[in-house]
Amino acid sequence: MEPSRSLDASITLRTGAGDSSYGGRVVFDTATGGMRPDVDAPSPAEAGALTTLRAAGGRWLFDVAPESRVSINGVPVGGARIVHAGDVIAIAGLQLLVEEATPNSLALRRFEVVGDDTLPPVGDSVRTLAPPAEDLAIDLGEVPTIEGFVAPRAAHAETRSNWNYAAWGMAALLALVLGMFALLEPIALDLRPGDARVRSQGAFSWQSASSVFVFPGEHRLHAEREGYLPTEVTVTVGGPQPARALIHLVKLPGKLEVDTGGVTAEISADGAKLGTVPGVVDVPAGDRTLTFKAARHLDHIERITIAGGGEKQQLTVKLKPNFAVVSVSSVPAGAAIEVDGKPAGVTPANLELDAGIRRVQVSSPGLRLWTSSVVVNAGVPQSIGPITLGAADARVTVRSVPSGAQVTTGATFRGLTPVTLELSPGANHAITVTRAGYAPWTREVFADAGKESTLDARLAALLVDVRIQGEPADSEVWVNGTSRGKAPVAIQLPASRHRIEVRKEGYSPYVADVALAPGIGRTLEFKLIDPRDVAGNAPQKVTTQSGVKLLVVAGGTFQAGTDRREQGRRPNEGAHRVTLFRPFYMGEREITNAQFRQFRAEHNSGSFGQQSLDLDKQPVVRVTWEDAAEYCNWLSAQEGLPPAYQPVEGGGFELITPVNIGYRLPTEAEWEFVAREAGTGKTVKYPWGNDLPVVSGSANVAGNEAYALLGAALDGHKDEFPVTSAPALFAPNAMGFYDFAGNVSEWVNDKYLSFVASTPVTDPLGPNDSKGHTYRGSSWRTIASGEMRFPWREGAIEATDFIGFRVARYVAPPDPPVTETPGAEPQPAAQ
């Protein structure tokens with residue numbers, strides 16, 4: 001039963017404008033903090049929805065309606081609570097101090113608190129309510145009389161006293177709890193997802209909305225939510241700054257059930273191998289690029305959004321066969337079939353051949369060999385034949401001294417010696433062997449069907465006297481790849497073109513292509529240069545007038561690209577051996593907006609979202625390859641160096657060859673050599689080493705802080721920068737260079753081709769023909785770990801918000817070409 005309202009009780013509200021009196025019950029508006037007298041007793045349903053303050057049995061009861069935001073002494077209140085003198089009631093931006101609390105009167109003082117203001121000291125204005133002299137009278141109704149029973153009056157009095165002690169003990173305990181709550185301090189949470197549970201490990205904590213309340217000190221916060229990986233962060237509470245915690249939980253992988261129609265395939269997500277399908281595989285949450293590889297099938301790519309959190313999804317993949325049925329028949333039948341040099345059966349036959357260009361050969365003893373290249377299109381059947389195998393050709397092998405001579409039959413070129421000719425049977429054939437500097441040789445042969453024979457042609461040389469001399473005197477002389485002894489040498493060579501090389505270990509080789517004519521002697525003079533003298537004597541670090549810093553790189557040999565067996569390899573990353581012979585300077589860091597605007601003052605790198613890309617210290621972006629080449633020529637002019645690029649007809653620029661010492665973009669080989677730290681003797685794949693996982697703080701890529709801008713992020717990575725940062729804020733690599741991973745991708749000198757030959761190269765400049773140019777390295781937009789590999793490469797034509805550049809140049813000019821004068825020593829050509 002609810003205690004009845006006292007008709008003698010009253011509530012006084014004191015404000016700066018004066019005092020207002022109310023009866024023994026008032027109702028509060030929890031939206032504005034206003035209060036009004038409650039004259040009529042509410043119904044039970046209305047009472048549960050009102051926040052009221054009323055007299056009840058000599059005490060003052062504060063009853064808070066559900067879902068109201070009200071606190072007493074800083075502690076949120078729900079339901080009924082007895083108020084005492086000195087309590088502070090906070091409601092709707094107002095604070096009410098209970099200055100006086102007696103059984104029949106309650107005095108409240110209202111304060112309007114703004115911002116972080118606090119109440120003035122309570123002082124002596126608060127009058128404490130003394131404990132009542134006697135207990136409240138409680139009507140227990142009529143007590144039944146039981147015969148022979150005498151009520152234990154003394155025992156009843158003692159029980160009432162015990163209840164008093166218990167009440168005061170509970171009040172003391174409540175005061176202790178309130179005091180402890182007053183010591184709690186909040187930790188503001190940047191929590192994702194927002195309904196994750198957060199608690200302090202091994203200590204009391206209380207989570208409310210976007211904060212968790214703890215006692216001052218160091219806390220290990222543990223966050224968890226179903227479907228996410230739990231995480232922990234350490235936070236110190238009680239310092240001069242408010243405590244904050246960034247907690248972004250990573251979703252558990254999703255369960256992807258893949259149906260491939262029974263074809264066993266390997267599945268990868270963003271270059272990381274997940275397993276084999278058909279079946280169920282775990283896939284990290286987010287936007288994923290899935291690659292399926294199956295034997296004799298075309299690679300298949302699917303882009304899918306994985307919900308994660310253990311949620312099961314289904315995907316049906318139709319893998320296209322990478323082969324076709326090719327029918328081969330012949331007359332006569334029973335001929336042997338070879339495909340790409342391997343036996344494939346006998347005619348007639350239906351062959352399953354892999355897509356591509358296949359070399360098909362059909363042969364039968366005593367009959368003419370049939371050979372052809374066949375283009376096989378995946379899934380498209382075709383027929384070859386019937387092939388009529390006639391009488392076998394005569395086979396004549398032609399050899400010559402020296403070898404490499406041209407062989408013709410009639411007016412048709414048939415190859416270089418040694419070569420085997422297949423001649424139509426039953427006829428005479430004139431075979432001629434020629435080579436520059438030698439007299440021609442001719443023979444006529446009759447071709448017998450199926451007969452094999454050999455012709456040896458000894459060519460008479462038309463010789464020219466050649467003398468080769470220079471420094472160092474003991475250098476080895478090579479002519480057309482054959483050693484001819486130590487310099488100086490005097491030799492006779494045929495009257496033709498020859499490649500002359502002079503080598504000595506530790507020196508740059510001398511190379512010359514010499515065209516000799518009958519009766520005209522030649523003298524070649526050489527001087528070998530020690531490249532270590534060039535790199536060693538050059539300054540190890542140079543700075544241009546515009547503030548561009550460069551470091552010297554002596555060069556070396558390394559394997560560029562990616563081995564075929566490496567996980568995550570892309571088809572355009574062909575492995576090949578590269579030698580960088582000429583020492584060069586490489587920009588220590590990327591060119592900034594401020595440096596580029598010295599060349600082109602009106603340039604603006606723009607912004608992305610609300611984030612600027614145009615600050616002076618940020619790397620320049622939104623520049624084309626041609627813009628970068630023009631900047632290099634401008635920089636060369638500022639430093640008194642020749643331009644490295646020249647205009648081409650129709651627009652654009654090309655590198656001047658032989659390459660001079662003007663400023664230019666790094667070659668693709670130079671970029672990869674320095675990025676992979678090949679100059680240290682060991683190459684690396686990622687900025688942190690050779691193995692996953694990604695190491696946070698190693699580069700400025702799309703971490704958690706970029707999620708709001710890009711809608712995706714590199715799982716588990718943090719680097720503090722949502723877009724580009726100033727260069728050199730991350731640690732340099734082992735050779736002293738910054739930001740080859742992250743921040744911005746970088747234009748390099750080479751034009752872009754997806755095919756990379758596997759042949760060894762020295763100081764390569766890239767392909768001659770292509771519409772676009774290559775850019776290398778990851779950027780602030782990178783969300784896939786595979787793109788953080790240094791072998792990763794791509795091509796582009798247009799300017800973007802993630803491609804910038806750095807500069808490079810050779811330390812010394814190229815070796816001067818040689819001008820030859822008949823009968824005299826050659827002189828260097830004018831520079």
# chains A, B, ... in the order shown; residues from 1 in each chain; ligands from 1

call {"tool": "residues_around", "arguments": {"residues": "A:Pro381", "least_positions_apart": "3", "cutoff": "7 Å", "atoms": "only C-alpha atoms", "output": "JSON, numbers by chain"}}
result
{"A": [324, 325, 326]}

call {"tool": "write_last_selection", "arguments": {"atoms": "C-alpha atoms", "output": "PDB file, in the first residue's frame"}}
result
ATOM      1  CA  ALA A 324      39.229 -27.836 -77.113  1.00  0.00           C
ATOM      2  CA  VAL A 325      38.786 -31.075 -79.056  1.00  0.00           C
ATOM      3  CA  VAL A 326      40.893 -31.155 -82.236  1.00  0.00           C
TER       4      VAL A 326
END

call {"tool": "select_by_dssp", "arguments": {"residues": "stretch 261-398 of chain A", "states": "strand (DSSP E or B)", "output": "number ranges by chain"}}
result
A: 265-269, 272-277, 279-283, 286-293, 297, 300-306, 312-316, 321, 323-331, 336-339, 342-346, 349-354, 356-363, 367, 370-376, 382-388, 391, 394-398

call {"tool": "closest_residue", "arguments": {"among": "A:Pro814, A:Gly415, A:Gly341, A:Gly777", "to": "A:Ala675", "atoms": "only C-alpha atoms"}}
result
A:Gly777

call {"tool": "closest_atom_pairs", "arguments": {"of": "stretch 405-462 of chain A", "to": "stretch 360-375 of chain A", "cutoff": "12 Å", "atoms": "only C-alpha atoms", "output": "tab-separated table"}}
result
residue	atom	partner	partner_atom	distance
A:Glu422	CA	A:Arg368	CA	9.6
A:Leu423	CA	A:Arg368	CA	10.6
A:Ser424	CA	A:Arg368	CA	9.6
A:Pro425	CA	A:Arg368	CA	10.0
A:Asp448	CA	A:Gly366	CA	11.9
A:Ala449	CA	A:Gly366	CA	8.5
A:Gly450	CA	A:Gly366	CA	6.4
A:Lys451	CA	A:Gly366	CA	9.8

call {"tool": "residues_around", "arguments": {"residues": "stretch 222-237 of chain A", "least_positions_apart": "3", "cutoff": "12 Å", "atoms": "only C-alpha atoms", "output": "MDAnalysis selection string"}}
result
chainID A and resid 183:203 205 207 212:219 240:255 284:285 307:312 716

call {"tool": "closest_residue", "arguments": {"among": "A:Ile384, A:Ser211, A:Leu765, A:Gln314", "to": "A:Thr260", "atoms": "only C-alpha atoms"}}
result
A:Gln314

call {"tool": "residues_around", "arguments": {"residues": "stretch 22-36 of chain A", "least_positions_apart": "3", "cutoff": "7 Å", "atoms": "only C-alpha atoms", "output": "list of chain:residue names"}}
result
A:Ser6, A:Leu7, A:Ala9, A:Ser10, A:Ile11, A:Thr12, A:Leu50, A:Thr51, A:Thr52, A:Leu53, A:Arg54, A:Ala55, A:Ser68, A:Ile91, A:Ala92, A:Leu94

call {"tool": "write_last_selection", "arguments": {"atoms": "N, CA, C and O atoms", "output": "compact mmCIF listing (two decimals), in the first residue's frame"}}
result
# COMPACT_ATOMS: atom_id res chain seq x y z
N SER A 6 0.81 13.67 2.92
CA SER A 6 0.63 14.53 4.10
C SER A 6 0.05 15.86 3.66
O SER A 6 0.58 16.51 2.74
N LEU A 7 -1.05 16.28 4.32
CA LEU A 7 -1.65 17.57 3.96
C LEU A 7 -0.88 18.74 4.53
O LEU A 7 -1.06 19.88 4.10
N ALA A 9 2.57 18.88 4.73
CA ALA A 9 3.92 18.99 4.15
C ALA A 9 3.94 20.03 3.04
O ALA A 9 2.92 20.27 2.37
N SER A 10 5.10 20.66 2.84
CA SER A 10 5.23 21.67 1.78
C SER A 10 6.64 21.63 1.20
O SER A 10 7.59 21.23 1.87
N ILE A 11 6.74 22.05 -0.07
CA ILE A 11 8.02 22.11 -0.80
C ILE A 11 8.25 23.55 -1.22
O ILE A 11 7.36 24.21 -1.78
N THR A 12 9.46 24.06 -0.94
CA THR A 12 9.83 25.44 -1.30
C THR A 12 10.95 25.38 -2.36
O THR A 12 11.96 24.68 -2.17
N LEU A 50 5.06 9.25 -14.38
CA LEU A 50 5.41 10.58 -13.93
C LEU A 50 6.64 10.52 -13.03
O LEU A 50 6.87 9.55 -12.32
N THR A 51 7.44 11.60 -13.09
CA THR A 51 8.56 11.77 -12.15
C THR A 51 8.07 12.74 -11.07
O THR A 51 7.74 13.90 -11.37
N THR A 52 8.00 12.27 -9.81
CA THR A 52 7.38 13.06 -8.74
C THR A 52 8.30 13.13 -7.54
O THR A 52 9.20 12.30 -7.37
N LEU A 53 8.05 14.18 -6.71
CA LEU A 53 8.71 14.34 -5.41
C LEU A 53 7.59 14.59 -4.40
O LEU A 53 6.79 15.53 -4.54
N ARG A 54 7.53 13.74 -3.35
CA ARG A 54 6.39 13.85 -2.43
C ARG A 54 6.80 13.42 -1.03
O ARG A 54 7.81 12.72 -0.84
N ALA A 55 6.00 13.89 -0.05
CA ALA A 55 6.20 13.49 1.34
C ALA A 55 5.56 12.13 1.54
O ALA A 55 4.45 11.87 1.05
N SER A 68 13.58 8.02 -17.97
CA SER A 68 13.94 9.42 -17.71
C SER A 68 15.43 9.50 -17.39
O SER A 68 15.99 8.60 -16.76
N ILE A 91 18.44 17.19 -13.52
CA ILE A 91 17.32 16.84 -14.40
C ILE A 91 17.21 17.89 -15.50
O ILE A 91 17.14 19.10 -15.22
N ALA A 92 17.30 17.46 -16.74
CA ALA A 92 17.10 18.32 -17.93
C ALA A 92 17.98 19.55 -17.89
O ALA A 92 17.52 20.67 -18.13
N LEU A 94 19.25 21.14 -15.43
CA LEU A 94 19.15 21.89 -14.20
C LEU A 94 19.67 21.04 -13.05
O LEU A 94 19.64 19.79 -13.10

call {"tool": "atom_distance", "arguments": {"atom1": "atom CA of A:Gly86", "atom2": "atom CA of A:Ala17"}}
result
21.7 Å

call {"tool": "residues_around", "arguments": {"residues": "A:Tyr645", "least_positions_apart": "6", "cutoff": "8 Å", "atoms": "only C-alpha atoms", "output": "PyMOL selection string"}}
result
chain A and resi 629-630+633+653-656+664

call {"tool": "write_last_selection", "arguments": {"atoms": "N, CA, C and O atoms", "output": "short mmCIF file (atom, residue, chain, number, x, y, z; two decimals), in the first residue's frame"}}
result
data_model
loop_
_atom_site.label_atom_id
_atom_site.label_comp_id
_atom_site.auth_asym_id
_atom_site.auth_seq_id
_atom_site.Cartn_x
_atom_site.Cartn_y
_atom_site.Cartn_z
N ALA A 629 58.02 14.40 -66.45
CA ALA A 629 59.18 14.53 -67.34
C ALA A 629 59.55 16.00 -67.53
O ALA A 629 60.73 16.38 -67.53
N GLU A 630 58.53 16.87 -67.70
CA GLU A 630 58.80 18.31 -67.84
C GLU A 630 59.47 18.86 -66.59
O GLU A 630 60.37 19.69 -66.66
N ASN A 633 63.16 18.01 -66.64
CA ASN A 633 63.93 18.90 -67.53
C ASN A 633 64.11 20.28 -66.90
O ASN A 633 65.17 20.90 -67.00
N PHE A 653 56.99 13.29 -74.55
CA PHE A 653 58.45 13.32 -74.41
C PHE A 653 58.99 11.90 -74.49
O PHE A 653 58.28 10.92 -74.25
N GLU A 654 60.28 11.81 -74.83
CA GLU A 654 60.98 10.54 -74.79
C GLU A 654 62.37 10.77 -74.23
O GLU A 654 62.93 11.86 -74.31
N LEU A 655 62.95 9.70 -73.64
CA LEU A 655 64.27 9.78 -73.04
C LEU A 655 65.32 9.85 -74.14
O LEU A 655 65.30 9.08 -75.10
N ILE A 656 66.25 10.77 -73.99
CA ILE A 656 67.36 10.90 -74.94
C ILE A 656 68.35 9.77 -74.69
O ILE A 656 68.73 9.51 -73.55
N ARG A 664 65.85 12.81 -64.45
CA ARG A 664 64.84 12.00 -65.13
C ARG A 664 64.08 11.20 -64.09
O ARG A 664 64.37 11.28 -62.89
#

call {"tool": "residues_around", "arguments": {"residues": "stretch 513-518 of chain A", "least_positions_apart": "5", "cutoff": "6 Å", "atoms": "only C-alpha atoms", "output": "MDAnalysis selection string"}}
result
chainID A and resid 495:499

call {"tool": "residues_around", "arguments": {"residues": "A:Gly568", "least_positions_apart": "5", "cutoff": "7 Å", "atoms": "only C-alpha atoms", "output": "list in words"}}
result
Gly271, Ala272 and Gly786 of chain A

call {"tool": "select_by_dssp", "arguments": {"residues": "stretch 534-694 of chain A", "states": "alpha helix (DSSP H)", "output": "VMD selection string"}}
result
chain A and resid 534 to 537 593 to 599 625 to 638 668 to 675

call {"tool": "closest_residue", "arguments": {"among": "A:Asn604, A:Thr683, A:Thr442, A:Thr264", "to": "A:Lys318", "atoms": "only C-alpha atoms"}}
result
A:Thr264

call {"tool": "atom_distance", "arguments": {"atom1": "atom CA of A:Ile661", "atom2": "atom CA of A:Leu550"}}
result
13.5 Å

call {"tool": "atom_distance", "arguments": {"atom1": "atom CA of A:Gly93", "atom2": "atom CA of A:Ala182"}}
result
18.8 Å
